[in-house]
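Student: Have a peek at query.txt (compact mmCIF, C-alpha atoms and all ligand atoms).
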# COMPACT_ATOMS: atom_id res chain seq x y z
CA MET G 1 81.92 -35.22 -82.32
CA ALA G 2 79.55 -37.18 -80.16
CA SER G 3 80.72 -40.77 -80.34
CA LEU G 4 77.60 -42.64 -79.28
CA ILE G 5 74.14 -41.80 -80.52
CA HIS G 6 71.08 -43.40 -78.97
CA CYS G 7 68.87 -44.20 -81.97
CA PRO G 8 65.25 -44.37 -80.79
CA HIS G 9 64.71 -47.42 -83.02
CA CYS G 10 68.02 -49.31 -82.89
CA GLY G 11 69.64 -48.49 -79.56
CA VAL G 12 73.09 -47.14 -78.79
CA ARG G 13 75.30 -46.97 -81.89
CA PRO G 14 78.65 -45.42 -82.83
CA LYS G 15 78.62 -42.23 -84.86
CA GLU G 16 80.18 -44.15 -87.78
CA GLU G 17 76.75 -45.67 -88.48
CA PHE G 18 75.27 -42.23 -89.18
CA THR G 19 75.53 -39.47 -91.76
CA VAL G 20 75.11 -35.90 -90.59
CA ARG G 21 72.70 -34.12 -92.94
CA GLY G 22 72.93 -30.62 -91.58
CA ASP G 23 71.17 -28.01 -89.51
CA ALA G 24 67.73 -29.05 -88.27
CA SER G 25 66.85 -25.68 -86.84
CA VAL G 26 66.29 -23.80 -90.12
CA VAL G 27 62.65 -23.38 -91.14
CA ARG G 28 61.65 -23.65 -94.79
CA PRO G 29 60.21 -20.28 -95.93
CA ASP G 30 56.87 -19.81 -97.58
CA PRO G 31 57.05 -20.50 -101.36
CA GLU G 32 56.26 -16.85 -102.01
CA ALA G 33 58.87 -15.57 -99.58
CA SER G 34 61.53 -13.13 -100.76
CA ASP G 35 64.74 -14.16 -102.51
CA GLU G 36 66.62 -12.99 -99.42
CA ALA G 37 64.63 -15.36 -97.20
CA TRP G 38 65.30 -18.28 -99.56
CA HIS G 39 68.97 -17.39 -99.89
CA GLU G 40 69.18 -17.31 -96.12
CA TYR G 41 67.43 -20.70 -95.83
CA VAL G 42 69.42 -22.49 -98.53
CA HIS G 43 72.92 -21.10 -98.09
CA ILE G 44 73.50 -19.27 -94.85
CA ARG G 45 74.49 -21.32 -91.85
CA ALA G 46 75.73 -20.39 -88.42
CA ASN G 47 78.58 -22.39 -86.91
CA PRO G 48 77.41 -22.36 -83.34
CA ARG G 49 79.55 -23.13 -80.35
CA GLY G 50 77.42 -25.10 -77.91
CA ARG G 51 74.00 -26.59 -78.29
CA THR G 52 72.89 -27.51 -81.84
CA ARG G 53 70.07 -29.37 -83.58
CA GLU G 54 71.03 -31.45 -86.58
CA HIS G 55 69.54 -34.03 -88.92
CA TRP G 56 71.39 -37.32 -88.63
CA GLN G 57 70.47 -40.27 -90.83
CA HIS G 58 71.04 -43.75 -89.43
CA VAL G 59 72.30 -45.07 -92.76
CA PHE G 60 73.72 -48.34 -91.45
CA GLY G 61 70.73 -49.05 -89.20
CA CYS G 62 67.07 -48.18 -89.59
CA ARG G 63 67.87 -45.55 -92.27
CA ARG G 64 65.50 -43.12 -90.55
CA PHE G 65 66.19 -39.39 -90.34
CA LEU G 66 66.73 -38.35 -86.74
CA VAL G 67 66.99 -35.01 -85.02
CA VAL G 68 70.03 -34.98 -82.76
CA GLU G 69 70.45 -32.26 -80.19
CA ARG G 70 74.04 -32.09 -79.05
CA ASP G 71 76.73 -29.80 -77.74
CA THR G 72 79.60 -29.01 -80.09
CA VAL G 73 81.91 -28.17 -77.18
CA THR G 74 81.28 -30.88 -74.60
CA HIS G 75 80.10 -33.60 -77.05
CA GLU G 76 77.13 -34.19 -74.78
CA VAL G 77 74.00 -35.52 -76.53
CA TYR G 78 70.83 -34.04 -75.08
CA GLY G 79 68.31 -35.97 -77.08
CA VAL G 80 67.57 -37.92 -80.27
CA SER G 81 64.16 -38.16 -81.84
CA ASP G 82 62.67 -39.52 -85.05
CA GLY G 83 62.46 -36.82 -87.72
CA SER G 84 58.86 -37.59 -88.61
CA ASP G 85 57.77 -37.17 -84.99
CA VAL G 86 59.52 -33.82 -84.87
CA ALA G 87 57.93 -32.74 -88.16
CA ARG G 88 54.46 -33.81 -87.00
CA GLY G 89 54.94 -31.92 -83.77
CA GLY G 90 55.69 -28.83 -85.84
CA GLY G 91 59.21 -28.63 -84.44
CA ARG G 92 60.87 -28.28 -87.80
CA MET D 1 64.15 -73.74 -118.65
CA PRO D 2 64.19 -72.55 -115.02
CA PHE D 3 66.57 -69.78 -114.08
CA LEU D 4 69.36 -71.14 -111.90
CA SER D 5 71.24 -68.60 -109.85
CA ARG D 6 74.73 -69.09 -108.58
CA HIS D 7 75.50 -68.50 -104.93
CA PRO D 8 77.91 -65.52 -104.72
CA LEU D 9 80.30 -67.57 -102.56
CA GLU D 10 80.25 -70.57 -104.90
CA SER D 11 83.82 -70.31 -106.15
CA LYS D 12 85.16 -68.84 -102.91
CA VAL D 13 83.91 -71.55 -100.60
CA ASP D 14 84.16 -74.54 -102.87
CA SER D 15 83.80 -77.49 -100.54
CA GLY D 16 84.56 -75.44 -97.41
CA SER D 17 86.96 -76.24 -94.56
CA SER D 18 88.19 -79.81 -94.37
CA ILE D 19 87.47 -79.99 -90.64
CA ARG D 20 84.52 -78.39 -88.91
CA ALA D 21 85.78 -76.37 -85.93
CA VAL D 22 83.76 -75.51 -82.81
CA ASP D 23 83.33 -72.03 -84.26
CA HIS D 24 81.74 -72.37 -87.66
CA LEU D 25 80.45 -70.08 -90.39
CA GLU D 26 77.60 -71.82 -92.12
CA ILE D 27 76.23 -70.69 -95.48
CA PRO D 28 72.67 -71.88 -96.00
CA ARG D 29 72.29 -72.30 -99.73
CA SER D 30 68.65 -71.64 -100.47
CA VAL D 31 66.84 -69.20 -98.22
CA GLU D 32 63.74 -67.32 -99.23
CA ILE D 33 63.97 -63.69 -98.10
CA VAL D 34 61.37 -60.96 -98.58
CA THR D 35 61.05 -57.42 -97.32
CA VAL D 36 57.77 -56.29 -95.78
CA LEU D 37 57.03 -52.58 -95.73
CA SER D 38 54.10 -50.89 -94.08
CA ARG D 39 53.15 -47.54 -92.65
CA GLN D 40 54.72 -47.06 -89.23
CA THR D 41 51.27 -46.79 -87.71
CA ASP D 42 50.34 -50.29 -89.01
CA ASN D 43 53.16 -52.00 -87.09
CA ALA D 44 50.89 -54.01 -84.79
CA THR D 45 48.49 -54.97 -87.61
CA VAL D 46 51.35 -56.39 -89.68
CA ILE D 47 52.70 -58.42 -86.77
CA ALA D 48 49.19 -59.78 -86.12
CA GLY D 49 48.80 -60.57 -89.85
CA PHE D 50 51.87 -62.78 -89.61
CA ALA D 51 50.47 -65.05 -86.94
CA PRO D 52 48.90 -67.59 -89.35
CA ALA D 53 52.20 -67.96 -91.25
CA GLY D 54 53.67 -70.03 -88.42
CA ASP D 55 57.18 -71.13 -89.31
CA LEU D 56 58.49 -67.81 -90.64
CA VAL D 57 61.27 -65.78 -89.08
CA MET D 58 60.64 -62.04 -88.86
CA ARG D 59 63.62 -59.69 -88.59
CA ASN D 60 63.47 -56.05 -87.55
CA VAL D 61 64.86 -53.48 -89.95
CA ALA D 62 63.10 -50.23 -89.00
CA PRO D 63 59.68 -49.08 -87.86
CA GLY D 64 57.29 -50.61 -90.40
CA GLU D 65 60.01 -52.59 -92.16
CA TRP D 66 61.02 -56.23 -91.77
CA LEU D 67 62.91 -59.01 -93.47
CA VAL D 68 61.12 -62.34 -93.46
CA LEU D 69 63.07 -65.56 -93.87
CA SER D 70 61.95 -69.05 -94.75
CA HIS D 71 64.02 -72.19 -95.14
CA THR D 72 61.12 -74.27 -96.41
CA ASP D 73 59.32 -72.15 -98.99
CA LEU D 74 60.01 -72.65 -102.67
CA PRO D 75 61.10 -69.65 -104.76
CA ASP D 76 58.32 -67.05 -105.04
CA SER D 77 55.92 -68.93 -102.78
CA LEU D 78 56.92 -66.99 -99.65
CA GLN D 79 56.27 -63.71 -101.42
CA ARG D 80 52.86 -64.94 -102.62
CA ARG D 81 51.91 -66.35 -99.22
CA LEU D 82 52.77 -63.15 -97.36
CA ALA D 83 51.25 -60.86 -99.96
CA GLY D 84 48.04 -62.84 -99.42
CA LEU D 85 48.22 -62.56 -95.64
CA LEU D 86 49.06 -58.86 -95.67
CA THR D 87 46.88 -57.53 -98.49
CA ASP D 88 46.24 -53.79 -98.06
CA ILE D 89 48.44 -53.66 -94.94
CA ALA D 90 51.95 -54.01 -96.34
CA ASP D 91 54.03 -54.33 -99.48
CA VAL D 92 55.92 -57.59 -99.86
CA VAL D 93 58.95 -57.77 -102.16
CA ASP D 94 61.02 -60.85 -102.88
CA GLN D 95 64.73 -60.33 -102.09
CA SER D 96 65.92 -63.91 -102.28
CA GLU D 97 68.32 -63.23 -105.16
CA GLY D 98 69.50 -59.98 -103.63
CA ARG D 99 70.39 -60.99 -100.08
CA VAL D 100 72.54 -63.72 -98.60
CA LEU D 101 72.31 -65.36 -95.19
CA LEU D 102 75.39 -66.28 -93.15
CA ARG D 103 75.22 -68.07 -89.79
CA LEU D 104 78.06 -67.84 -87.28
CA SER D 105 77.98 -70.14 -84.27
CA GLY D 106 80.26 -71.44 -81.58
CA PRO D 107 81.57 -70.63 -78.11
CA ASN D 108 83.68 -67.75 -79.49
CA ALA D 109 81.02 -66.33 -81.84
CA ARG D 110 80.61 -63.24 -79.68
CA ARG D 111 84.33 -62.56 -79.47
CA ILE D 112 84.65 -62.94 -83.23
CA LEU D 113 81.75 -60.60 -84.01
CA ALA D 114 82.82 -58.04 -81.43
CA LYS D 115 85.69 -57.19 -83.79
CA GLY D 116 83.24 -56.00 -86.41
CA VAL D 117 80.04 -54.80 -84.79
CA ALA D 118 79.70 -51.98 -82.29
CA ILE D 119 76.79 -53.20 -80.17
CA ASP D 120 76.80 -54.92 -76.80
CA LEU D 121 76.55 -58.65 -77.57
CA ASP D 122 75.80 -59.72 -74.01
CA PRO D 123 72.48 -61.65 -73.97
CA SER D 124 71.13 -59.16 -71.44
CA ALA D 125 71.61 -56.35 -73.97
CA PHE D 126 70.93 -58.26 -77.21
CA ALA D 127 68.65 -61.20 -76.46
CA VAL D 128 67.99 -64.39 -78.40
CA GLY D 129 65.50 -63.57 -81.15
CA GLN D 130 66.45 -59.90 -81.26
CA SER D 131 67.47 -58.36 -84.60
CA ALA D 132 68.52 -55.02 -86.05
CA ASN D 133 70.38 -53.46 -88.95
CA LEU D 134 73.91 -52.49 -88.09
CA ARG D 135 77.39 -52.02 -89.46
CA CYS D 136 79.79 -54.96 -89.51
CA GLY D 137 83.21 -53.69 -90.55
CA HIS D 138 82.25 -51.39 -93.41
CA VAL D 139 79.20 -53.35 -94.55
CA ALA D 140 75.54 -52.80 -93.57
CA VAL D 141 73.92 -56.05 -92.46
CA ASN D 142 70.77 -57.26 -90.79
CA PHE D 143 72.02 -58.89 -87.64
CA ALA D 144 70.13 -61.32 -85.41
CA ARG D 145 70.84 -63.48 -82.41
CA SER D 146 69.35 -66.86 -83.33
CA GLY D 147 70.77 -68.60 -80.24
CA GLU D 148 72.88 -67.95 -77.17
CA ASN D 149 76.02 -68.46 -79.25
CA GLU D 150 74.56 -68.26 -82.73
CA PHE D 151 74.14 -65.19 -84.93
CA GLU D 152 72.66 -64.71 -88.39
CA LEU D 153 73.73 -62.00 -90.80
CA VAL D 154 71.74 -61.05 -93.88
CA VAL D 155 73.81 -59.05 -96.35
CA PHE D 156 73.34 -57.52 -99.79
CA ARG D 157 74.44 -60.07 -102.37
CA SER D 158 77.22 -57.94 -103.85
CA PHE D 159 78.76 -57.33 -100.40
CA THR D 160 78.76 -61.02 -99.49
CA GLU D 161 82.30 -61.80 -100.57
CA SER D 162 83.71 -58.83 -98.70
CA LEU D 163 81.81 -59.64 -95.51
CA PHE D 164 82.74 -63.30 -95.79
CA GLU D 165 86.44 -62.45 -96.05
CA ASP D 166 86.17 -60.07 -93.09
CA LEU D 167 84.49 -62.76 -90.97
CA LEU D 168 87.22 -65.28 -91.82
CA VAL D 169 89.90 -62.80 -90.74
CA MET D 170 87.97 -62.00 -87.57
CA GLY D 171 87.67 -65.72 -86.81
CA ARG D 172 91.20 -66.75 -87.70
CA GLU D 173 92.49 -66.77 -84.11
CA PHE D 174 89.77 -69.32 -83.28
CA ASP D 175 90.32 -71.44 -86.41
CA LEU D 176 86.86 -70.54 -87.65
CA SER D 177 85.72 -73.10 -90.23
CA TYR D 178 83.20 -72.47 -92.99
CA GLY D 179 81.08 -74.24 -95.55
CA PHE D 180 77.71 -74.52 -97.23
CA SER D 181 74.98 -76.13 -95.12
CA SER D 182 74.53 -78.88 -97.64
CA GLY D 183 78.17 -79.91 -97.38
CA LEU D 184 79.89 -80.13 -100.74
CA ALA D 185 79.32 -77.39 -103.24
CA ASP D 186 77.73 -78.23 -106.57
CA PRO D 187 80.31 -78.82 -109.31
CA VAL D 188 81.25 -75.52 -110.92
ZN ZN G 201 68.39 -46.52 -86.13
Translate this structure into structure tokens?

Tutor:
Amino acid sequence: MASLIHCPHCGVRPKEEFTVRGDASVVRPDPEASDEAWHEYVHIRANPRGRTREHWQHVFGCRRFLVVERDTVTHEVYGVSDGSDVARGGGR
Amino acid sequence: MPFLSRHPLESKVDSGSSIRAVDHLEIPRSVEIVTVLSRQTDNATVIAGFAPAGDLVMRNVAPGEWLVLSHTDLPDSLQRRLAGLLTDIADVVDQSEGRVLLRLSGPNARRILAKGVAIDLDPSAFAVGQSANLRCGHVAVNFARSGENEFELVVFRSFTESLFEDLLVMGREFDLSYGFSSGLADPV
């Protein structure tokens, strides 16, 4: 696990201040999408080796939802951005 | 009859340490604390709206969220004053009964706090006047540097006792003393 996360609002913090809320790369299907698409979205997750995008919430700090891009093998953190910025940019 | 609240450390602290050490944990008894919440995009407007308030201390929590402290306002008056200043820009909610302020000062304050918080406490990294929410031990606090060797922690009322005990343990090697600002506690 990446040990230090650079929160865009609070600065460098240990991972213990955060809660990992899951995969940030899945895209919510259209409400009318098929059951298979919804099943896929809600339940099916890959367990990738390497670069991942996840939602992390800074529960002990600003309490904002962040999108953390990190490597599950090397623990390297590539970038952290505020979830609302990502959502506005359509990067959900 | 006015509602009189009891400080959560009332029975714990009693009259405090018999001797005040160089490193001291002070518990200000009556502090008015409110939260101010706005849209992230109104950040600058809120800060500008504060200007006429003068003596208030503004603490960072998150984008568009602050804690505001006053040592001089009477109960409720801070909330009313700010709500007036920030009409239509922000929501102002009184937290005075829900949060507690602790002030740790002394030449070893940094070394004591470094046992509980995981940020760089060097003044070049965390300057006087800077504030943020962080984790101290297992408790979430709003943490501020109020002086070179002085720090203020604002904690949820029900976590106060736990944080207080942690701070005493962290300060034991420096004989950290403690007590209410006003000296002797009111008779229980
Ligand atoms: Zn944060």

Student: Report, in Å to a single decimal, how far apart CA of Leu85 in chain D and CA of Val141 in chain D are.

Tutor: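 Computing the Euclidean distance for CA of Val141 in chain D and CA of Leu85 in chain D yields 26.7 Å.
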
Student: Just the residues within 9 Å of Gly137 in chain D, please, counting only C-alpha atoms, with nothing from its chain fewer than 3 positions along; format it as a PyMOL selection string.

Tutor: chain D and resi 115-117+140+163+166

Student: Tell me the residues of chain G close to chain D, meaning within 12 Å using only C-alpha atoms, as a list of chain:residue names.

Tutor: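 Filtering chain G at 12 Å from chain D with only C-alpha atoms gives G:Ser3, G:Leu4, G:Ile5, G:His6, G:Cys7, G:Pro8, G:His9, G:Cys10, G:Gly11, G:Val12, G:Arg13, G:Pro14, G:Lys15, G:Glu16, G:Glu17, G:Phe18, G:His58, G:Val59, G:Phe60, G:Gly61, G:Cys62, G:Arg63, G:Arg64, G:Phe65, G:Asp82, G:Ser84, G:Asp85.
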
Student: Provide the CA of His71 in chain D to CA of Arg172 in chain D distance in Å, to one decimal place.

Tutor: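 Between CA of His71 in chain D and CA of Arg172 in chain D the gap is 28.7 Å.
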
Student: Counting only C-alpha atoms, figure out which residue out of D:Ala44, D:Met170, D:Val100, D:Leu153 gets nearest to Arg6 in chain D.

Tutor: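 The shortest atom-to-atom distance to Arg6 in chain D comes from D:Val100.
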
Student: In Å, with one decimal, what is the gap from CA of Phe50 in chain D to CA of Asp76 in chain D?

Tutor: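 Distance between the two atoms: 17.3 Å.
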
Student: Of the candidates G:Ala24, G:Ala46, G:Trp38, G:Asp30, which one gets nearest to Ser81 in chain G if we count all atoms listed in the file?

Tutor: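 Smallest distance to Ser81 in chain G is found for G:Ala24.
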
Student: List the neighbours of Ser30 in chain D out to 10 Å using all atoms listed in the file; skip same-chain residues closer than 3 positions along the sequence, and give me the result as a list of chain:residue names.

Tutor: D:His7, D:Ile27, D:Ile33, D:Ser70, D:His71, D:Thr72, D:Asp73, D:Leu74, D:Pro75, D:Ser96, D:Glu97, D:Val100, D:Leu101, D:Ser181, D:Ser182

Student: With all atoms listed in the file as the basis for distance, which of D:Leu113, D:Phe180, D:Pro8, D:Ala48 is at the shortest distance from Phe159 in chain D?

Tutor: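 Looking at the shortest contact to Phe159 in chain D, the residue is D:Pro8.
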
Student: Determine, counting only C-alpha atoms, every residue of protein, DNA or RNA that lies within 12 Å of (85.4, -29.9, -75.3) in the file coordinates, then give the result as a list in words.

Tutor: Met1, Ala2, Arg49, Gly50, Asp71, Thr72, Val73, Thr74, His75 and Glu76 of chain G

Student: Which of these, G:Val42, G:Thr19, G:Glu54, G:Glu32, has the shortest distance to ligand ZN 201 (chain G) once you count only C-alpha atoms and all ligand atoms?

Tutor: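 Among the listed residues, G:Thr19 lies closest to ligand ZN 201 (chain G).
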
Student: Ranking G:Gln57, G:Ser25, G:Thr52, G:Asn47 by minimum distance to ligand ZN 201 (chain G) and counting only C-alpha atoms and all ligand atoms, which one comes first?

Tutor: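 That would be G:Gln57, the residue with the smallest distance to ligand ZN 201 (chain G).
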
Student: Could you check the closest approach to ligand ZN 201 (chain G) for each of G:Gly89, G:Pro31, G:Pro48, G:Gly83 and tell me which residue wins, using all atoms listed in the file?

Tutor: G:Gly83

Student: Residues near Tyr41 in chain G, anyone? I mean within 12 Å using all atoms listed in the file, not counting same-chain ones fewer than 2 positions away, as a ChimeraX atom specification.

Tutor: /G:23-31,33-39,43-46

Student: Take the residues that were just selected and, keeping C-alpha atoms, output them as a short mmCIF file (atom, residue, chain, number, x, y, z; two decimals), in the frame of the given file.

Tutor:
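Once written, out05.cif looks like this:
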data_model
loop_
_atom_site.label_atom_id
_atom_site.label_comp_id
_atom_site.auth_asym_id
_atom_site.auth_seq_id
_atom_site.Cartn_x
_atom_site.Cartn_y
_atom_site.Cartn_z
CA ASP G 23 71.17 -28.01 -89.51
CA ALA G 24 67.73 -29.05 -88.27
CA SER G 25 66.85 -25.68 -86.84
CA VAL G 26 66.29 -23.80 -90.12
CA VAL G 27 62.65 -23.38 -91.14
CA ARG G 28 61.65 -23.65 -94.79
CA PRO G 29 60.21 -20.28 -95.93
CA ASP G 30 56.87 -19.81 -97.58
CA PRO G 31 57.05 -20.50 -101.36
CA ALA G 33 58.87 -15.57 -99.58
CA SER G 34 61.53 -13.13 -100.76
CA ASP G 35 64.74 -14.16 -102.51
CA GLU G 36 66.62 -12.99 -99.42
CA ALA G 37 64.63 -15.36 -97.20
CA TRP G 38 65.30 -18.28 -99.56
CA HIS G 39 68.97 -17.39 -99.89
CA HIS G 43 72.92 -21.10 -98.09
CA ILE G 44 73.50 -19.27 -94.85
CA ARG G 45 74.49 -21.32 -91.85
CA ALA G 46 75.73 -20.39 -88.42
#

Student: If I put a ball of radius 10 Å at (59.6, -49.2, -98.5) in the file's coordinates, which residues poke into it when counting all atoms listed in the file, written as a PyMOL selection string?

Tutor: chain D and resi 35-39+64-66+90-93

Student: What lies within 12 Å of Phe174 in chain D using only C-alpha atoms, ignoring chain neighbours under 4 positions off, as number ranges by chain?

Tutor: D: 20-25, 105-113, 167-170

Student: Might you pull out every residue within 7 Å of Leu86 in chain D, with only C-alpha atoms counted and same-chain residues fewer than 4 positions away left off, and present them as a ChimeraX atom specification?

Tutor: /D:46,49,82,90
